[in-house]
Amino acid sequence: MIPKPAQVAILNSVRLLRPIVLQPVLQTVRRLHLLKPTQRPALLLPLILLISTFLLPAHAAAPVLKPMKGKGERCVEDTEFMRKNHMELLLHQRDETVHRGIRTKKHNLKECISCHAINDANGTPVSAADPKHFCRQCHDYTSVKIDCFECHSSKPRPSSRSVRSSSTPNTSD
Amino acid sequence: MSESENKIDDYRRRFLGQGAAIAATVTLAPGVILNSIANAKPADEAVSNKVRWGFLIDTNKCGSGCNDCVTACNEENGLTGFNRPETDAQWIRKVTLHNKQTQHSLSLPMMCQHCENPPCVDVCPTGASFKRADGIVLVDKHTCIGCRYCMMACPYKARSFVHETLTDQVPEVPRGKGTVESCTLCVHRVDRGDIPACAEACAKTDGGAAILFGDLNNPDSDIAKRVASESSTQVRADFRLNPGVRYQGI
């Protein structure tokens with residue numbers, strides 16, 4: 001759900017007010033033990049309702065990222081695992097490839113790039129300079145800079161050249 | 001073993017070799033002929049020091065006006081210039097030698113000599129400059145800090161520094177500003193069983209293959225047979241770096 005501008009304005013003001021409102025509420029909770037046990041639920045119930053009204057809209061307002069799926073049937077690892085660990089896999093593969101010449105396709109950056117390529121209006125893959133780029137969507141959201149593409153190509157090789165490279169035998173995967 | 005048996009073995013070997021070559025050609029798409037090295041390693045296998053890759057360059061076959069190896073290298077590795085010859089990346093260059101006494105001129109390609117004892121590796125403060133087990137000297141650009149000590153140390157002036165922000169790199173050849181680079185012996189091609197781009201381009205020229213690529217450690221390879229039977233020299237052999245690139249006719 002994408003919130004309308006008016007809703008966003010209200011939610012932002014609610015977020016700003018939250019610490020001001022929450023402070024006295026928390027103090028009341030801390031003093032609960034001073035009340036008689038019979039009085040506690042009576043005070044707690046409105047408190048819980050009050051807090052939940054401030055918490056719920058904040059969650060609803062967070063944008064939900066829906067990056068495009070790759071071309072293949074499924075990713076080389078589970079999506080949840082990849083979200084958390086893709087950088088570890090790439091780091092490991094990088095040393096294996098550069099120093100030991102191991103060029104398996106499974107955790108290969110080049111393969112990730114070609115599978116997750118996103119085309120622009122003209123049907124050509126976009127580079128990391130474009131905010132639509134698969135990697136950039138989440139990296140922009142989390143404000144994490146990608147260093148890979150200062151050297152590595154962020155899009156697959158144009159098809160005229162990939163014909164030549166695909167004619168070579170793939171000895172193993 | 002008698003001589004006649006030797007001949008039979010030789011005949012058998014050649015026949016089997018031809019059979020294998022035909023089988024290999026058949027499995028490929030029509031019209032595609034590969035310039036491959038026999039027994040390419042599987043992709044999941046690490047390179048080993050049983051192999052020592054090298055070049056044998058016959059300067060007698062190298063045309064003075066020919067620049068095909070340089071063009072092929074630039075194309076393969078995506079080396080685009082900024083019209084600044086002083087600093088533009090140069091992985092391979094043509095050098096002309098002229099003897100003033102005899103007026104004899106010769107032309108040769110000069111690139112990283114892939115030394116057995118590379119000075120660029122000795123001086124690197126981060127370990128970015130390294131020699132792979134199979135003798136290919138590379139820069140790990142992930143750890144290169146761009147200090148350029150290796151450029152100073154290299155007696156062959158083989159390395160370049162990337163001064164500019166680069167875009168549209170070739171996917172197989174990552175390159176970036178602030179790192180040093182040089183001839184990789186087309187490591188991405190060698191790992192999949194192809195020969196380097198310069199050697200491939202040189203073989204297609206009218207003069208014939210002046211650049212021969214192969215495994216110096218394999219006694220059955222063309223390069224090992226030729227260095228065993230013909231005279232060849234290393235450039236500045238007095239440095240005792242034992243380069244993997246050897247020259248003939250200099």
# chains A, B, ... in the order shown; residues from 1 in each chain; ligands from 1
$ interface_residues --of "chain A" --to "chain B" --cutoff "7 Å" --atoms "only C-alpha atoms" --output "count of residues only"
17
$ residues_around --residues "A:His86" --least-positions-apart "4" --cutoff "12 Å" --atoms "only C-alpha atoms" --output "list in words"
Cys75, Val76, Glu77, Asp78, Thr79, Glu80, Phe81, Met82, Leu90, Leu91, His92, Gln93, Lys106, His107, Asn108, Leu109, Cys112 and Cys135 of chain A
$ write_last_selection --atoms "C-alpha atoms" --output "CSV table (one decimal), in the first residue's frame"
chain,number,residue,atom,x,y,z
A,75,CYS,CA,18.0,-18.1,-7.1
A,76,VAL,CA,21.1,-20.2,-6.3
A,77,GLU,CA,20.2,-19.9,-2.6
A,78,ASP,CA,17.0,-19.1,-0.7
A,79,THR,CA,15.9,-15.5,-1.0
A,80,GLU,CA,16.0,-15.0,2.8
A,81,PHE,CA,19.5,-16.3,2.9
A,82,MET,CA,20.6,-14.2,0.0
A,90,LEU,CA,30.6,-12.8,-3.2
A,91,LEU,CA,33.6,-12.0,-1.0
A,92,HIS,CA,34.4,-15.7,-0.7
A,93,GLN,CA,34.0,-16.3,-4.5
A,106,LYS,CA,27.0,-20.6,-8.6
A,107,HIS,CA,28.2,-17.6,-6.6
A,108,ASN,CA,29.7,-15.7,-9.5
A,109,LEU,CA,29.0,-11.9,-9.6
A,112,CYS,CA,24.1,-12.6,-10.6
A,135,CYS,CA,21.2,-4.1,-6.5
$ residues_around --residues "stretch 118-121 of chain A" --least-positions-apart "4" --cutoff "8 Å" --atoms "only C-alpha atoms" --output "list in words"
Met68, Pro125, Val126, Lys132, His133 and Phe134 of chain A
$ residues_around --residues "A:Lys69" --least-positions-apart "2" --cutoff "7 Å" --atoms "only C-alpha atoms" --output "list in words"
Pro67, Lys71 and His116 of chain A
$ write_last_selection --atoms "C-alpha atoms" --output "PDB file, in the first residue's frame"
ATOM      1  CA  PRO A  67      12.632  -5.950  -6.412  1.00  0.00           C
ATOM      2  CA  LYS A  71      15.373 -14.524 -15.080  1.00  0.00           C
ATOM      3  CA  HIS A 116      19.023 -10.033 -12.255  1.00  0.00           C
TER       4      HIS A 116
END
$ residues_around --residues "B:Gln234" --least-positions-apart "5" --cutoff "7 Å" --atoms "only C-alpha atoms" --output "MDAnalysis selection string"
chainID B and resid 243 245:247
$ atom_distance --atom1 "atom CA of B:Val162" --atom2 "atom CA of B:Glu181"
7.6 Å
$ atom_distance --atom1 "atom CA of B:Trp53" --atom2 "atom CA of B:Ser160"
21.8 Å
$ select_by_dssp --residues "stretch 70-159 of chain A" --states "alpha helix (DSSP H)" --output "number ranges by chain"
A: 79-100, 109-115, 134-142, 159
$ residues_around --residues "B:Cys112" --least-positions-apart "5" --cutoff "12 Å" --atoms "only C-alpha atoms" --output "PyMOL selection string"
chain B and resi 54-55+90-93+118-120+131+135-139+150-151+154-160+181-186+235+243-246
$ write_last_selection --atoms "C-alpha atoms" --output "PDB file, in the first residue's frame"
ATOM      1  CA  GLY B  54      54.272 -18.562 -21.221  1.00  0.00           C
ATOM      2  CA  PHE B  55      54.770 -16.991 -24.613  1.00  0.00           C
ATOM      3  CA  GLN B  90      48.762  -0.091 -22.058  1.00  0.00           C
ATOM      4  CA  TRP B  91      48.948  -3.813 -21.437  1.00  0.00           C
ATOM      5  CA  ILE B  92      50.890  -4.653 -24.570  1.00  0.00           C
ATOM      6  CA  ARG B  93      52.889  -2.377 -26.890  1.00  0.00           C
ATOM      7  CA  PRO B 118      58.480 -10.926 -10.012  1.00  0.00           C
ATOM      8  CA  PRO B 119      59.870  -7.712  -8.473  1.00  0.00           C
ATOM      9  CA  CYS B 120      56.374  -6.203  -8.539  1.00  0.00           C
ATOM     10  CA  LYS B 131      51.789 -14.640  -8.797  1.00  0.00           C
ATOM     11  CA  GLY B 135      52.880 -18.513 -13.224  1.00  0.00           C
ATOM     12  CA  ILE B 136      50.471 -15.717 -14.200  1.00  0.00           C
ATOM     13  CA  VAL B 137      51.352 -12.461 -12.425  1.00  0.00           C
ATOM     14  CA  LEU B 138      48.243 -10.469 -11.498  1.00  0.00           C
ATOM     15  CA  VAL B 139      46.998  -7.539  -9.439  1.00  0.00           C
ATOM     16  CA  CYS B 150      55.160  -2.176  -8.591  1.00  0.00           C
ATOM     17  CA  MET B 151      55.254   0.151 -11.585  1.00  0.00           C
ATOM     18  CA  CYS B 154      59.019  -3.554 -13.017  1.00  0.00           C
ATOM     19  CA  PRO B 155      62.045  -3.465 -15.333  1.00  0.00           C
ATOM     20  CA  TYR B 156      59.793  -4.046 -18.357  1.00  0.00           C
ATOM     21  CA  LYS B 157      57.578  -1.011 -17.763  1.00  0.00           C
ATOM     22  CA  ALA B 158      54.647  -3.348 -18.105  1.00  0.00           C
ATOM     23  CA  ARG B 159      52.155  -1.827 -15.708  1.00  0.00           C
ATOM     24  CA  SER B 160      49.630   0.976 -16.010  1.00  0.00           C
ATOM     25  CA  GLU B 181      46.907  -3.207 -13.874  1.00  0.00           C
ATOM     26  CA  SER B 182      48.848  -5.064 -16.527  1.00  0.00           C
ATOM     27  CA  CYS B 183      48.653  -7.959 -18.943  1.00  0.00           C
ATOM     28  CA  THR B 184      46.737 -10.775 -17.241  1.00  0.00           C
ATOM     29  CA  LEU B 185      47.741 -13.261 -19.923  1.00  0.00           C
ATOM     30  CA  CYS B 186      43.975 -13.132 -20.622  1.00  0.00           C
ATOM     31  CA  VAL B 235      64.721  -9.919 -22.143  1.00  0.00           C
ATOM     32  CA  PRO B 243      60.286 -14.433 -17.336  1.00  0.00           C
ATOM     33  CA  GLY B 244      57.661 -16.728 -18.824  1.00  0.00           C
ATOM     34  CA  VAL B 245      57.883 -14.747 -22.067  1.00  0.00           C
ATOM     35  CA  ARG B 246      60.749 -15.713 -24.363  1.00  0.00           C
TER      36      ARG B 246
END
$ atom_distance --atom1 "atom CA of B:His104" --atom2 "atom CA of B:Thr59"
12.5 Å
